[in-house]
Structures are given as structure tokens and as C-alpha cells.
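Structure, as C-alpha cells:
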Protein chains: 4
Amino acid sequence: MRSDFWFFCPFRVRYAEVDQQGVVFNGVYLTYFDTALTEYMRALPYAYLDEVKATGADFHTVRTVVEYKAPIHFDQEIEVAVRTGRLGRSSITFALAVFGEAEDEPRSTGEVVWVYTDQTAHKPVPVTETLRSLLLKWEGAKIAAV
Amino acid sequence: MRSDFWFFCPFRVRYAEVDQQGVVFNGVYLTYFDTALTEYMRALPYAYLDEVKATGADFHTVRTVVEYKAPIHFDQEIEVAVRTGRLGRSSITFALAVFGEAEDEPRSTGEVVWVYTDQTAHKPVPVTETLRSLLLKWEGAKIAAV
Amino acid sequence: MRSDFWFFCPFRVRYAEVDQQGVVFNGVYLTYFDTALTEYMRALPYAYLDEVKATGADFHTVRTVVEYKAPIHFDQEIEVAVRTGRLGRSSITFALAVFGEAEDEPRSTGEVVWVYTDQTAHKPVPVTETLRSLLLKWEGAKIAAV
Amino acid sequence: MRSDFWFFCPFRVRYAEVDQQGVVFNGVYLTYFDTALTEYMRALPYAYLDEVKATGADFHTVRTVVEYKAPIHFDQEIEVAVRTGRLGRSSITFALAVFGEAEDEPRSTGEVVWVYTDQTAHKPVPVTETLRSLLLKWEGAKIAAV
């Protein structure tokens, strides 16, 4: 439901994103999710790219899930909602949902899991305190994993 | 593991599929999965497109999962393995895995769920007997859901 | 130059659109162009999809050209400018350009040619009077081909 | 015509590449072209990636042209033909064509222009002698620009 989210990223479906069945191709949802996550970070506001340069670590996507409930079509205006579902030591699990205009039930839901990874050692490293604080501030203490 | 699969679809990673981190973009895996499923159907051999025309039903993708374990890179030769994990009345759950050349451990695993859907009534309909028989022949009776 | 155009469609470069060289992949420009053309039609305002349904004809892209002058990068805000360069009986030649924020010189220029085509006979048919009038109104009589 | 080419790169059209009109989306042709150029380099054989590392220079695409003459569809087997049309000091102009199976007339033709560019100075540099010799061997002296 819409009320589960505070962040929404608007998209208008591009012709290139629609397949022969006249609906958005299943893989394109992950481009929407990835783009919405970039905007969510900007909204926190978390300077993702600056931190990546400063820390030598970067987020790797380790898991994605998409549930397709109702189709979306060419030229349709949609919103991709993002919230943090679980904040681990090195990992963040985002919950996402795709809403049509003025709709309360999502046409799609999904999950993206990021792991903060040292780019030299290729090992998980703790999420920065800056990001952790921002996520807790916006999403509440309930997201923190023990 | 490789030995869990009998079907493999080869790909060579295209430059357009690789992102700024020098690895295949997460959403591109779903294009690989979708393409491998087309080839799996051909290998059964199941005349997917002819059946869609004949029955007025078509498969809708209702769920996708991708687990990213090790990256794949530009120009790398990979194989996407497919098997049927569960055969329901209207739904088929495919298990997929991405292998590097001569590698036994997958670089990625995933799942795609299809539901056979009447295109007029937008309701699930039973998978055709032809496809059911082919899947049971190749994958064994263990895949059939009660 | 910016002053050659009255219509601009904003984009922010998505991560999925950038390749290993850290710049937008060459083929992605055609998705930008196609999307900008959709918005240009809406701005005229021309009800493209309604006309396609009413006339049984549709535009086919018969030629695209892209000149890449300076790269564009992840997260960069750009504008794709569109104008009609030449209006034939059945064909329309659009001139396009990609501008960085507050830049006067384009980072890319290009051309897209559409032919209005009957979907049954697969033959070119005249552009509708509605669209012809709108294009002449916005772009001036100089675009009309003899 | 087929006989204008010695190199052909096979593709089978993926579902993700087809749009609502049931034909390959116009921008996807540039992914086919780019991929076919990678295979053409391999066929010469030119170790593109090794040379890029050794020289600190890389090819930039500065111009692409696609002419769409007849559509291509989902699951269709096509071949993308490549030859070098013109070999300049720093630039190479490739001519490309898309053929259906056993067809002599192309469904699409196009052009891609590469400029060999120093990655530090961002200036054009001469194409390596290795590549120049290979291209002249395969394509004949007629391609060399004065």
C-alpha cells in the first residue's frame, strides 16, 4: 500500500521498454528499481558517489526479486516507491513497489539487496555511519537487524 | 551445480550489457533468463508460439528472483542453465543458474515463475497436456505439484 | 545551438544506460530520441496513439543518425531537443540534439526519419492534415518539402 | 548484397528486443552492430582489449547511421555483416548490413565510425599498425583514405 512508503520516484513508460505483449518487459523493472534507488539516496540525502570515492567501497546488488501483479503499459505514468526493509551490518534490503497513478494497490512489488563491499579486498565492509543514521532517521529503528 | 541441469544456453556478454562497474548490469540477467527459457522450450521441443496462437492463452511472468554471487564481465562466455523446479496446474517455476566456462559453481542463480493465462478472460488456465508431458518426460515426476 | 529549438525533453542518465567506459552506450541515444519524440508529439499537442487507432496507419522509423561529440555520464542531467527539419508527403525528418545543463553546444546531434505507413497494405500514406498543420504552425512553412 | 561482405555475425532476436509493433526496436540495431564489430575484430584476429590496455588509447564511436528497410521479428535468425568502408589515420568507417536467413537483400544497412582516442589527452591518435595491416589484408587497399 502507498501508505507504507514515504519515497516515490515518477516514471513514464518508454516505448523501448514495452514488449510484443504490449506491456513493460519483466527485466525493465530492475532498471526502474535501480533508478529509484539512486533517487532515494539523493532524497535522504546521501552523497552515494562521493562516499564510494572516499571509502574505496561500493554497493553490490546481491539479490533482486520482482512480483508482477498487474501489467504496466506504454506511456503510462507510474511511481516506484522505495523503503528500507532491513539494515544489516554490511547489507541493506530495500522493499519496492510500482504504483499506477492514484492507485493504492501496487502493480508490482519487489526487493533489492545491496552489500557494501571493499573494491580491493572484495569483502563486505560496514555501511557508513552517515548512511546508517540517515536510514534510521527516515525509516525508524525497526529496520535495524540485530 | 552443473549436474543439476540438462539444458544450457550459451551467451557471450555484449558490451551494451556491462555497466560502469565493469560487470553485467543486474537487470540484464532477466533478459538472459528469458532468452534461455525460449531456447529451453525449443529444446523440449515445445512449439510455444504455435500453441499461443492455437489456445488464445499465453504465459505471463509473475515472479523473478536473481541471486548475484560472482560477477560476469564483457566478452565472457557464459551458459544459462534451466530446469523446471515445480509444475503446477497453471504455473511453472523454473530454476536458472549462470555458469562461467568450465565452472561447476554458478555465478548467479534465480527463479522465474510463469502462469498460463487466457488472453481474453485474463484468468489462469491449465498448462497444455503437450507441455505437461514434455516437462515430466525431461524433468521427472518429482516436479509435479500436488 | 539551443536557439534552434523550441522543444526540450529532460532526462537524467540512468546507471543501466552507462557502459564500461563510464559513458552512455551509443545505442541508448536512440531510446532518448524515441522518448523525446513521444513528448514532442504530446507538446504539439498531437494525439499520436488515438490517430494510429483511427487511421490504421502508424509511423515507422526508416532512418536514424547519431553524431557523438562529447560524452554524457551517469546521473548527468541532459535535455534532448527536437524539431522538424523536413515535412514530406508521408515522411517527417526530425533533427535532434542532446544538451548538457546550461550548455549551448550539443554533446550529440542526430536525425530520425519517420514514414507514415498503412498497417494493412504496408504502403506509405500521407501524414494526417491535423499533424501537418501542427508542425507547420510550430516550425514554420520552411520545413515543407515541395 | 551478401557478396559485398566476408564477415557475418549470427543473432537470434530476443523477446526483450522486440517492441509493441512486434518488430525489433530501432535502438537495438546499434547493440547488434556493436556486438558484430567485437566479433569482426576477433575474426581479423585483432586483440582489441589487449591493445587498449597496452596503448592507453581506445575507440570512441563518433557516428552511427541505421537505415531500416524491412522489419525483423522475435525469434528470427539474422546475420549482421560487417566490412571496413574507409580507413583513415585515426578513424575507421564500418559498413554494416542485417540479412535474414538465405536472403540476399539486407533488411537494414548502416554505418559506424570509430575514432582511436588517447584516453588521457582526449585527442585522436593513429590506428595501430597491427590493425591497419589486418584491415588492408582483409578488405584491400581500396579502403585506405588518402
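Each chain in the C-alpha cells gets a letter, A, B and so on, in the order shown; residues start at 1 in every chain, and ligands are counted from 1 in the order they appear.
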
Original post:
What residues in chain A have any atom no more than 8 Å from chain C when counting only C-alpha atoms, and can you write them as a list in words?
Top reply: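 The complete set of qualifying residues is Arg14, Tyr15, Ala16, Thr31, Asp34 and Thr35 of chain A.
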
Using all C-alpha atoms paired in order, least-squares fit chain D onto chain A and give me the moved copy as a PDB file with C-alpha atoms, in the first residue's frame.
ATOM      1  CA  MET D   1      -0.019  -0.008   0.003  1.00  0.00           C
ATOM      2  CA  ARG D   2       0.999   3.561  -0.709  1.00  0.00           C
ATOM      3  CA  SER D   3       0.944   4.461   2.969  1.00  0.00           C
ATOM      4  CA  ASP D   4       3.825   2.028   3.621  1.00  0.00           C
ATOM      5  CA  PHE D   5       6.168   4.382   1.751  1.00  0.00           C
ATOM      6  CA  TRP D   6       7.419   7.960   2.067  1.00  0.00           C
ATOM      7  CA  PHE D   7       9.520   7.988  -1.130  1.00  0.00           C
ATOM      8  CA  PHE D   8       8.170   7.797  -4.672  1.00  0.00           C
ATOM      9  CA  CYS D   9      10.095   8.128  -7.933  1.00  0.00           C
ATOM     10  CA  PRO D  10       7.994   9.000 -11.006  1.00  0.00           C
ATOM     11  CA  PHE D  11       8.486   7.353 -14.427  1.00  0.00           C
ATOM     12  CA  ARG D  12       6.641   7.488 -17.700  1.00  0.00           C
ATOM     13  CA  VAL D  13       6.936   4.187 -19.592  1.00  0.00           C
ATOM     14  CA  ARG D  14       9.139   4.503 -22.700  1.00  0.00           C
ATOM     15  CA  TYR D  15       8.268   2.774 -25.954  1.00  0.00           C
ATOM     16  CA  ALA D  16      11.607   0.937 -25.875  1.00  0.00           C
ATOM     17  CA  GLU D  17      10.604  -0.673 -22.562  1.00  0.00           C
ATOM     18  CA  VAL D  18       7.464  -2.354 -23.853  1.00  0.00           C
ATOM     19  CA  ASP D  19       7.420  -5.793 -25.487  1.00  0.00           C
ATOM     20  CA  GLN D  20       5.269  -7.591 -28.021  1.00  0.00           C
ATOM     21  CA  GLN D  21       2.584  -8.343 -25.404  1.00  0.00           C
ATOM     22  CA  GLY D  22       2.180  -4.563 -25.095  1.00  0.00           C
ATOM     23  CA  VAL D  23       3.473  -4.495 -21.515  1.00  0.00           C
ATOM     24  CA  VAL D  24       6.748  -3.481 -19.899  1.00  0.00           C
ATOM     25  CA  PHE D  25       9.293  -6.310 -20.311  1.00  0.00           C
ATOM     26  CA  ASN D  26       9.993  -8.084 -17.004  1.00  0.00           C
ATOM     27  CA  GLY D  27      13.698  -7.160 -16.928  1.00  0.00           C
ATOM     28  CA  VAL D  28      12.983  -3.434 -17.287  1.00  0.00           C
ATOM     29  CA  TYR D  29      11.542  -3.375 -13.762  1.00  0.00           C
ATOM     30  CA  LEU D  30      15.083  -3.802 -12.424  1.00  0.00           C
ATOM     31  CA  THR D  31      16.156  -0.670 -14.306  1.00  0.00           C
ATOM     32  CA  TYR D  32      13.227   1.172 -12.704  1.00  0.00           C
ATOM     33  CA  PHE D  33      14.209  -0.212  -9.281  1.00  0.00           C
ATOM     34  CA  ASP D  34      17.873   0.736  -9.709  1.00  0.00           C
ATOM     35  CA  THR D  35      16.993   4.245 -10.864  1.00  0.00           C
ATOM     36  CA  ALA D  36      14.512   4.708  -8.004  1.00  0.00           C
ATOM     37  CA  LEU D  37      17.234   3.637  -5.526  1.00  0.00           C
ATOM     38  CA  THR D  38      19.549   6.335  -6.911  1.00  0.00           C
ATOM     39  CA  GLU D  39      16.820   8.935  -6.322  1.00  0.00           C
ATOM     40  CA  TYR D  40      16.032   7.541  -2.853  1.00  0.00           C
ATOM     41  CA  MET D  41      19.709   8.005  -1.902  1.00  0.00           C
ATOM     42  CA  ARG D  42      19.567  11.570  -3.225  1.00  0.00           C
ATOM     43  CA  ALA D  43      16.415  12.227  -1.175  1.00  0.00           C
ATOM     44  CA  LEU D  44      17.952  11.067   2.140  1.00  0.00           C
ATOM     45  CA  PRO D  45      20.233  12.998   1.143  1.00  0.00           C
ATOM     46  CA  TYR D  46      23.188  10.596   0.808  1.00  0.00           C
ATOM     47  CA  ALA D  47      26.066  11.517  -1.490  1.00  0.00           C
ATOM     48  CA  TYR D  48      26.492   7.980  -2.785  1.00  0.00           C
ATOM     49  CA  LEU D  49      29.109   8.713  -5.440  1.00  0.00           C
ATOM     50  CA  ASP D  50      31.270  10.875  -3.163  1.00  0.00           C
ATOM     51  CA  GLU D  51      31.267   8.186  -0.459  1.00  0.00           C
ATOM     52  CA  VAL D  52      32.220   5.503  -2.981  1.00  0.00           C
ATOM     53  CA  LYS D  53      35.227   7.590  -3.994  1.00  0.00           C
ATOM     54  CA  ALA D  54      36.160   8.383  -0.378  1.00  0.00           C
ATOM     55  CA  THR D  55      35.833   4.869   1.053  1.00  0.00           C
ATOM     56  CA  GLY D  56      37.009   2.643  -1.807  1.00  0.00           C
ATOM     57  CA  ALA D  57      33.910   0.564  -1.165  1.00  0.00           C
ATOM     58  CA  ASP D  58      30.800   0.300  -3.316  1.00  0.00           C
ATOM     59  CA  PHE D  59      27.393  -1.337  -3.124  1.00  0.00           C
ATOM     60  CA  HIS D  60      26.939  -4.610  -4.997  1.00  0.00           C
ATOM     61  CA  THR D  61      23.472  -5.893  -5.786  1.00  0.00           C
ATOM     62  CA  VAL D  62      23.345  -9.457  -4.427  1.00  0.00           C
ATOM     63  CA  ARG D  63      19.654 -10.242  -4.791  1.00  0.00           C
ATOM     64  CA  THR D  64      16.634  -8.935  -6.670  1.00  0.00           C
ATOM     65  CA  VAL D  65      13.021 -10.105  -6.560  1.00  0.00           C
ATOM     66  CA  VAL D  66      10.118  -8.846  -8.657  1.00  0.00           C
ATOM     67  CA  GLU D  67       6.474  -9.903  -8.295  1.00  0.00           C
ATOM     68  CA  TYR D  68       4.355  -8.897 -11.300  1.00  0.00           C
ATOM     69  CA  LYS D  69       0.708  -8.440 -10.250  1.00  0.00           C
ATOM     70  CA  ALA D  70      -0.808  -6.206 -12.942  1.00  0.00           C
ATOM     71  CA  PRO D  71       0.804  -5.029 -16.183  1.00  0.00           C
ATOM     72  CA  ILE D  72       2.036  -1.538 -16.991  1.00  0.00           C
ATOM     73  CA  HIS D  73       1.813  -0.132 -20.497  1.00  0.00           C
ATOM     74  CA  PHE D  74       3.465   2.268 -22.934  1.00  0.00           C
ATOM     75  CA  ASP D  75       3.176   5.927 -21.923  1.00  0.00           C
ATOM     76  CA  GLN D  76       1.681   5.036 -18.523  1.00  0.00           C
ATOM     77  CA  GLU D  77       2.705   7.247 -15.612  1.00  0.00           C
ATOM     78  CA  ILE D  78       3.910   5.181 -12.677  1.00  0.00           C
ATOM     79  CA  GLU D  79       5.652   5.734  -9.372  1.00  0.00           C
ATOM     80  CA  VAL D  80       8.256   3.399  -7.939  1.00  0.00           C
ATOM     81  CA  ALA D  81       8.125   3.511  -4.146  1.00  0.00           C
ATOM     82  CA  VAL D  82      11.190   2.621  -2.065  1.00  0.00           C
ATOM     83  CA  ARG D  83      11.760   1.974   1.611  1.00  0.00           C
ATOM     84  CA  THR D  84      14.467   0.233   3.585  1.00  0.00           C
ATOM     85  CA  GLY D  85      13.157  -3.030   4.946  1.00  0.00           C
ATOM     86  CA  ARG D  86      16.199  -4.240   6.857  1.00  0.00           C
ATOM     87  CA  LEU D  87      19.514  -2.660   7.731  1.00  0.00           C
ATOM     88  CA  GLY D  88      22.287  -5.144   8.475  1.00  0.00           C
ATOM     89  CA  ARG D  89      25.954  -4.505   9.230  1.00  0.00           C
ATOM     90  CA  SER D  90      27.042  -4.554   5.550  1.00  0.00           C
ATOM     91  CA  SER D  91      23.763  -5.174   3.770  1.00  0.00           C
ATOM     92  CA  ILE D  92      20.625  -3.192   3.108  1.00  0.00           C
ATOM     93  CA  THR D  93      17.357  -4.765   1.980  1.00  0.00           C
ATOM     94  CA  PHE D  94      15.095  -2.388   0.099  1.00  0.00           C
ATOM     95  CA  ALA D  95      11.371  -3.009  -0.459  1.00  0.00           C
ATOM     96  CA  LEU D  96       9.986  -1.556  -3.671  1.00  0.00           C
ATOM     97  CA  ALA D  97       6.559  -1.228  -5.242  1.00  0.00           C
ATOM     98  CA  VAL D  98       5.223   0.082  -8.542  1.00  0.00           C
ATOM     99  CA  PHE D  99       2.021   2.107  -8.384  1.00  0.00           C
ATOM    100  CA  GLY D 100      -0.179   3.396 -11.172  1.00  0.00           C
ATOM    101  CA  GLU D 101      -1.457   6.965 -10.894  1.00  0.00           C
ATOM    102  CA  ALA D 102      -3.821   7.420  -7.943  1.00  0.00           C
ATOM    103  CA  GLU D 103      -3.755   3.673  -7.259  1.00  0.00           C
ATOM    104  CA  ASP D 104      -3.356   2.293  -3.783  1.00  0.00           C
ATOM    105  CA  GLU D 105      -2.608  -1.333  -4.691  1.00  0.00           C
ATOM    106  CA  PRO D 106       0.797  -1.917  -6.305  1.00  0.00           C
ATOM    107  CA  ARG D 107       1.059  -3.346  -9.824  1.00  0.00           C
ATOM    108  CA  SER D 108       4.360  -4.878  -8.803  1.00  0.00           C
ATOM    109  CA  THR D 109       6.381  -5.349  -5.649  1.00  0.00           C
ATOM    110  CA  GLY D 110       9.978  -6.315  -5.186  1.00  0.00           C
ATOM    111  CA  GLU D 111      13.144  -6.432  -3.204  1.00  0.00           C
ATOM    112  CA  VAL D 112      16.737  -5.406  -3.830  1.00  0.00           C
ATOM    113  CA  VAL D 113      19.589  -6.359  -1.511  1.00  0.00           C
ATOM    114  CA  TRP D 114      22.836  -4.396  -1.547  1.00  0.00           C
ATOM    115  CA  VAL D 115      26.083  -5.369   0.188  1.00  0.00           C
ATOM    116  CA  TYR D 116      28.709  -2.717   0.859  1.00  0.00           C
ATOM    117  CA  THR D 117      31.918  -4.213  -0.500  1.00  0.00           C
ATOM    118  CA  ASP D 118      35.560  -3.180  -0.389  1.00  0.00           C
ATOM    119  CA  GLN D 119      36.649  -2.881  -4.016  1.00  0.00           C
ATOM    120  CA  THR D 120      40.211  -4.108  -3.362  1.00  0.00           C
ATOM    121  CA  ALA D 121      39.692  -6.933  -0.887  1.00  0.00           C
ATOM    122  CA  HIS D 122      36.269  -7.884  -2.371  1.00  0.00           C
ATOM    123  CA  LYS D 123      34.996  -8.318   1.207  1.00  0.00           C
ATOM    124  CA  PRO D 124      31.844  -6.882   2.816  1.00  0.00           C
ATOM    125  CA  VAL D 125      32.503  -3.820   4.980  1.00  0.00           C
ATOM    126  CA  PRO D 126      30.135  -1.969   7.341  1.00  0.00           C
ATOM    127  CA  VAL D 127      27.694   0.504   5.862  1.00  0.00           C
ATOM    128  CA  THR D 128      28.981   4.028   6.684  1.00  0.00           C
ATOM    129  CA  GLU D 129      27.664   5.702   9.843  1.00  0.00           C
ATOM    130  CA  THR D 130      26.376   8.583   7.711  1.00  0.00           C
ATOM    131  CA  LEU D 131      24.112   6.314   5.696  1.00  0.00           C
ATOM    132  CA  ARG D 132      23.110   4.247   8.730  1.00  0.00           C
ATOM    133  CA  SER D 133      21.973   7.389  10.588  1.00  0.00           C
ATOM    134  CA  LEU D 134      20.019   8.697   7.618  1.00  0.00           C
ATOM    135  CA  LEU D 135      18.203   5.401   7.088  1.00  0.00           C
ATOM    136  CA  LEU D 136      17.318   5.110  10.796  1.00  0.00           C
ATOM    137  CA  LYS D 137      16.089   8.712  10.811  1.00  0.00           C
ATOM    138  CA  TRP D 138      13.754   8.187   7.846  1.00  0.00           C
ATOM    139  CA  GLU D 139      12.706   4.585   8.356  1.00  0.00           C
ATOM    140  CA  GLY D 140      12.759   4.167  12.144  1.00  0.00           C
ATOM    141  CA  ALA D 141      14.691   1.866  14.451  1.00  0.00           C
ATOM    142  CA  LYS D 142      12.544  -1.153  13.488  1.00  0.00           C
ATOM    143  CA  ILE D 143      14.608  -1.701  10.337  1.00  0.00           C
ATOM    144  CA  ALA D 144      17.866  -2.392  12.216  1.00  0.00           C
ATOM    145  CA  ALA D 145      18.779  -6.059  12.195  1.00  0.00           C
ATOM    146  CA  VAL D 146      20.220  -7.401  15.436  1.00  0.00           C
TER     147      VAL D 146
END

Subject >> All strand (DSSP E or B) residues (DSSP, backbone) inside chain B, as a ChimeraX atom specification >> reply: /B:7-12,18,24,57-68,77-87,91-100,108-118,124,144
